Amino acid sequence: MKLTKKILLVEDEKCLAEAVKIKLEINGFQVLPADSVDRAKDLINRNSVDFVWLDHYLLGEENGLDFVANIKSQDSTNKNIPIFVVSNTASNDKIQSYIKFGINKYYVKAEHSLEQIISDLKTVLK
């Protein structure tokens, strides 16, 4: 039996999060949804996660960059988890900050389809 890959989906926009979750599940992934950095950190520390799909703006005081900084600075297996940032926020400075922390890819939501991002995700997980 093939083991299902777990995706941590960190997105605060409920409708979008549900659409992405459904699309990921259709593609055979188990999805752990979170809408804040605190919830995401809790889930990633309690579960074996294979991939993170991350928005920049989230509920609470911390944003996606805070989450990445926290995960990548830990001395644990979590720091090696692939991360795609999928956000409408696309200033060059912000993108460069994410890249410096070692994310795999940054997508501007309006410029990429869910199918394209999921296809890239599958490639990274092979």
# chains A, B, ... in the order shown; residues from 1 in each chain; ligands from 1
call {"tool": "residues_around", "arguments": {"residues": "A:Ile95", "least_positions_apart": "2", "cutoff": "10 Å", "atoms": "only C-alpha atoms", "output": "JSON, numbers by chain"}}
result
{"A": [65, 85, 89, 90, 91, 92, 93, 97, 98, 99, 100, 103, 105, 106, 107]}
call {"tool": "residues_around", "arguments": {"residues": "A:Lys21", "least_positions_apart": "6", "cutoff": "10 Å", "atoms": "only C-alpha atoms", "output": "NGL selection string"}}
result
:A and (7-9 or 15 or 27 or 29-33)
call {"tool": "write_last_selection", "arguments": {"atoms": "N, CA and C atoms", "output": "PDB file, in the first residue's frame"}}
result
ATOM      1  N   ILE A   7       0.526  17.097   3.590  1.00  0.00           N
ATOM      2  CA  ILE A   7       0.773  18.491   3.223  1.00  0.00           C
ATOM      3  C   ILE A   7       0.229  19.385   4.326  1.00  0.00           C
ATOM      4  N   LEU A   8       1.080  20.264   4.840  1.00  0.00           N
ATOM      5  CA  LEU A   8       0.625  21.285   5.779  1.00  0.00           C
ATOM      6  C   LEU A   8       0.199  22.481   4.936  1.00  0.00           C
ATOM      7  N   LEU A   9      -1.093  22.782   4.950  1.00  0.00           N
ATOM      8  CA  LEU A   9      -1.667  23.880   4.172  1.00  0.00           C
ATOM      9  C   LEU A   9      -1.915  25.056   5.111  1.00  0.00           C
ATOM     10  N   CYS A  15     -12.266  30.109   2.054  1.00  0.00           N
ATOM     11  CA  CYS A  15     -12.739  29.550   0.773  1.00  0.00           C
ATOM     12  C   CYS A  15     -11.584  29.013  -0.061  1.00  0.00           C
ATOM     13  N   ASN A  27      -5.798  14.705  -5.469  1.00  0.00           N
ATOM     14  CA  ASN A  27      -4.506  14.267  -5.987  1.00  0.00           C
ATOM     15  C   ASN A  27      -3.790  13.294  -5.047  1.00  0.00           C
ATOM     16  N   PHE A  29      -3.255  13.473  -1.607  1.00  0.00           N
ATOM     17  CA  PHE A  29      -2.528  13.958  -0.438  1.00  0.00           C
ATOM     18  C   PHE A  29      -3.428  14.036   0.787  1.00  0.00           C
ATOM     19  N   GLN A  30      -2.816  13.847   1.952  1.00  0.00           N
ATOM     20  CA  GLN A  30      -3.508  14.106   3.219  1.00  0.00           C
ATOM     21  C   GLN A  30      -3.182  15.553   3.580  1.00  0.00           C
ATOM     22  N   VAL A  31      -4.203  16.325   3.938  1.00  0.00           N
ATOM     23  CA  VAL A  31      -4.014  17.757   4.173  1.00  0.00           C
ATOM     24  C   VAL A  31      -4.259  18.105   5.634  1.00  0.00           C
ATOM     25  N   LEU A  32      -3.290  18.820   6.218  1.00  0.00           N
ATOM     26  CA  LEU A  32      -3.421  19.350   7.575  1.00  0.00           C
ATOM     27  C   LEU A  32      -3.578  20.863   7.439  1.00  0.00           C
ATOM     28  N   PRO A  33      -4.797  21.401   7.632  1.00  0.00           N
ATOM     29  CA  PRO A  33      -5.010  22.840   7.440  1.00  0.00           C
ATOM     30  C   PRO A  33      -4.685  23.661   8.684  1.00  0.00           C
TER      31      PRO A  33
END
call {"tool": "select_by_dssp", "arguments": {"residues": "stretch 55-123 of chain A", "states": "helix (DSSP H, G or I)", "output": "PyMOL selection string"}}
result
chain A and resi 64-73+77-80+92-101+109-111+114-123
call {"tool": "residues_around", "arguments": {"residues": "A:Asp66", "least_positions_apart": "5", "cutoff": "10 Å", "atoms": "only C-alpha atoms", "output": "list in words"}}
result
Val37, His56, Glu61, Ile71 and Tyr98 of chain A
call {"tool": "closest_residue", "arguments": {"among": "A:Thr4, A:Ile22, A:Val10, A:Ile118", "to": "A:Val68", "atoms": "only C-alpha atoms"}}
result
A:Val10
call {"tool": "closest_residue", "arguments": {"among": "A:Val49, A:Leu54, A:Val108, A:Val124", "to": "A:Val20", "atoms": "only C-alpha atoms"}}
result
A:Leu54
call {"tool": "closest_residue", "arguments": {"among": "A:Gln116, A:Asn80, A:Lys109, A:Asn88", "to": "A:Asp50", "atoms": "only C-alpha atoms"}}
result
A:Asn80
call {"tool": "closest_residue", "arguments": {"among": "A:His112, A:Lys6, A:Lys126, A:Lys94", "to": "A:Val52", "atoms": "only C-alpha atoms"}}
result
A:Lys6
call {"tool": "atom_distance", "arguments": {"atom1": "atom CA of A:Lys41", "atom2": "atom CA of A:Asn70"}}
result
8.6 Å
call {"tool": "select_by_dssp", "arguments": {"residues": "chain A", "states": "strand (DSSP E)", "output": "MDAnalysis selection string"}}
result
chainID A and resid 6:10 30:34 51:54 83:87 105:108
call {"tool": "closest_residue", "arguments": {"among": "A:Ser87, A:Ser76, A:Gln96, A:Asp42", "to": "A:Ile117", "atoms": "only C-alpha atoms"}}
result
A:Ser87
call {"tool": "atom_distance", "arguments": {"atom1": "atom CA of A:Ser113", "atom2": "atom CA of A:Gly28"}}
result
18.0 Å
call {"tool": "decode", "arguments": {"residues": "stretch 41-111 of chain A", "atoms": "C-alpha atoms", "output": "PDB file, in the first residue's frame"}}
result
ATOM      1  CA  LYS A  41       3.871  25.241  14.218  1.00  0.00           C
ATOM      2  CA  ASP A  42       1.719  23.038  16.433  1.00  0.00           C
ATOM      3  CA  LEU A  43       0.753  20.778  13.518  1.00  0.00           C
ATOM      4  CA  ILE A  44       4.264  20.503  12.083  1.00  0.00           C
ATOM      5  CA  ASN A  45       5.692  19.637  15.502  1.00  0.00           C
ATOM      6  CA  ARG A  46       3.061  16.948  16.166  1.00  0.00           C
ATOM      7  CA  ASN A  47       2.931  15.363  12.689  1.00  0.00           C
ATOM      8  CA  SER A  48       5.334  14.014  10.139  1.00  0.00           C
ATOM      9  CA  VAL A  49       4.820  16.529   7.328  1.00  0.00           C
ATOM     10  CA  ASP A  50       6.202  16.022   3.815  1.00  0.00           C
ATOM     11  CA  PHE A  51       5.495  19.465   2.374  1.00  0.00           C
ATOM     12  CA  VAL A  52       4.304  22.974   3.358  1.00  0.00           C
ATOM     13  CA  TRP A  53       1.975  25.113   1.224  1.00  0.00           C
ATOM     14  CA  LEU A  54       2.227  28.569   2.820  1.00  0.00           C
ATOM     15  CA  ASP A  55       0.513  31.937   2.421  1.00  0.00           C
ATOM     16  CA  HIS A  56       2.267  35.123   3.554  1.00  0.00           C
ATOM     17  CA  TYR A  57      -0.560  36.879   5.415  1.00  0.00           C
ATOM     18  CA  LEU A  58      -2.141  34.735   8.113  1.00  0.00           C
ATOM     19  CA  LEU A  59      -4.364  35.115  11.165  1.00  0.00           C
ATOM     20  CA  GLY A  60      -2.545  36.348  14.264  1.00  0.00           C
ATOM     21  CA  GLU A  61       0.495  38.584  14.579  1.00  0.00           C
ATOM     22  CA  GLU A  62       2.999  36.412  12.690  1.00  0.00           C
ATOM     23  CA  ASN A  63       3.160  35.926   8.924  1.00  0.00           C
ATOM     24  CA  GLY A  64       4.506  33.247   6.597  1.00  0.00           C
ATOM     25  CA  LEU A  65       8.040  34.628   6.740  1.00  0.00           C
ATOM     26  CA  ASP A  66       8.004  34.293  10.542  1.00  0.00           C
ATOM     27  CA  PHE A  67       6.934  30.657  10.126  1.00  0.00           C
ATOM     28  CA  VAL A  68       9.710  29.920   7.609  1.00  0.00           C
ATOM     29  CA  ALA A  69      12.320  31.634   9.785  1.00  0.00           C
ATOM     30  CA  ASN A  70      11.211  29.525  12.752  1.00  0.00           C
ATOM     31  CA  ILE A  71      11.145  26.221  10.866  1.00  0.00           C
ATOM     32  CA  LYS A  72      14.416  26.731   8.982  1.00  0.00           C
ATOM     33  CA  SER A  73      16.298  27.805  12.131  1.00  0.00           C
ATOM     34  CA  GLN A  74      15.330  24.702  14.116  1.00  0.00           C
ATOM     35  CA  ASP A  75      17.802  21.891  14.436  1.00  0.00           C
ATOM     36  CA  SER A  76      15.297  19.259  13.388  1.00  0.00           C
ATOM     37  CA  THR A  77      14.078  17.344  10.375  1.00  0.00           C
ATOM     38  CA  ASN A  78      11.422  20.040   9.864  1.00  0.00           C
ATOM     39  CA  LYS A  79      14.024  22.444   8.490  1.00  0.00           C
ATOM     40  CA  ASN A  80      14.398  20.213   5.416  1.00  0.00           C
ATOM     41  CA  ILE A  81      10.692  20.081   4.542  1.00  0.00           C
ATOM     42  CA  PRO A  82      10.037  21.578   1.083  1.00  0.00           C
ATOM     43  CA  ILE A  83       8.032  24.831   1.199  1.00  0.00           C
ATOM     44  CA  PHE A  84       6.065  26.600  -1.524  1.00  0.00           C
ATOM     45  CA  VAL A  85       4.899  30.113  -0.675  1.00  0.00           C
ATOM     46  CA  VAL A  86       1.642  30.842  -2.499  1.00  0.00           C
ATOM     47  CA  SER A  87       0.615  34.438  -1.902  1.00  0.00           C
ATOM     48  CA  ASN A  88      -0.728  37.600  -3.516  1.00  0.00           C
ATOM     49  CA  THR A  89       2.067  39.547  -1.856  1.00  0.00           C
ATOM     50  CA  ALA A  90       4.949  39.747  -4.277  1.00  0.00           C
ATOM     51  CA  SER A  91       7.393  42.539  -3.510  1.00  0.00           C
ATOM     52  CA  ASN A  92      10.879  41.606  -4.660  1.00  0.00           C
ATOM     53  CA  ASP A  93      12.265  42.197  -1.143  1.00  0.00           C
ATOM     54  CA  LYS A  94       9.720  39.803   0.355  1.00  0.00           C
ATOM     55  CA  ILE A  95      10.403  37.121  -2.240  1.00  0.00           C
ATOM     56  CA  GLN A  96      14.166  37.461  -1.708  1.00  0.00           C
ATOM     57  CA  SER A  97      13.687  37.136   2.066  1.00  0.00           C
ATOM     58  CA  TYR A  98      11.834  33.856   1.590  1.00  0.00           C
ATOM     59  CA  ILE A  99      14.456  32.579  -0.852  1.00  0.00           C
ATOM     60  CA  LYS A 100      17.268  33.401   1.609  1.00  0.00           C
ATOM     61  CA  PHE A 101      15.559  31.153   4.166  1.00  0.00           C
ATOM     62  CA  GLY A 102      15.546  28.321   1.637  1.00  0.00           C
ATOM     63  CA  ILE A 103      11.982  27.949   0.385  1.00  0.00           C
ATOM     64  CA  ASN A 104      11.614  25.898  -2.783  1.00  0.00           C
ATOM     65  CA  LYS A 105       9.380  28.239  -4.781  1.00  0.00           C
ATOM     66  CA  TYR A 106       7.340  31.452  -4.515  1.00  0.00           C
ATOM     67  CA  TYR A 107       4.072  31.732  -6.456  1.00  0.00           C
ATOM     68  CA  VAL A 108       1.873  34.767  -6.942  1.00  0.00           C
ATOM     69  CA  LYS A 109      -1.662  33.342  -6.603  1.00  0.00           C
ATOM     70  CA  ALA A 110      -3.144  35.309  -9.497  1.00  0.00           C
ATOM     71  CA  GLU A 111      -0.421  34.154 -11.904  1.00  0.00           C
TER      72      GLU A 111
END
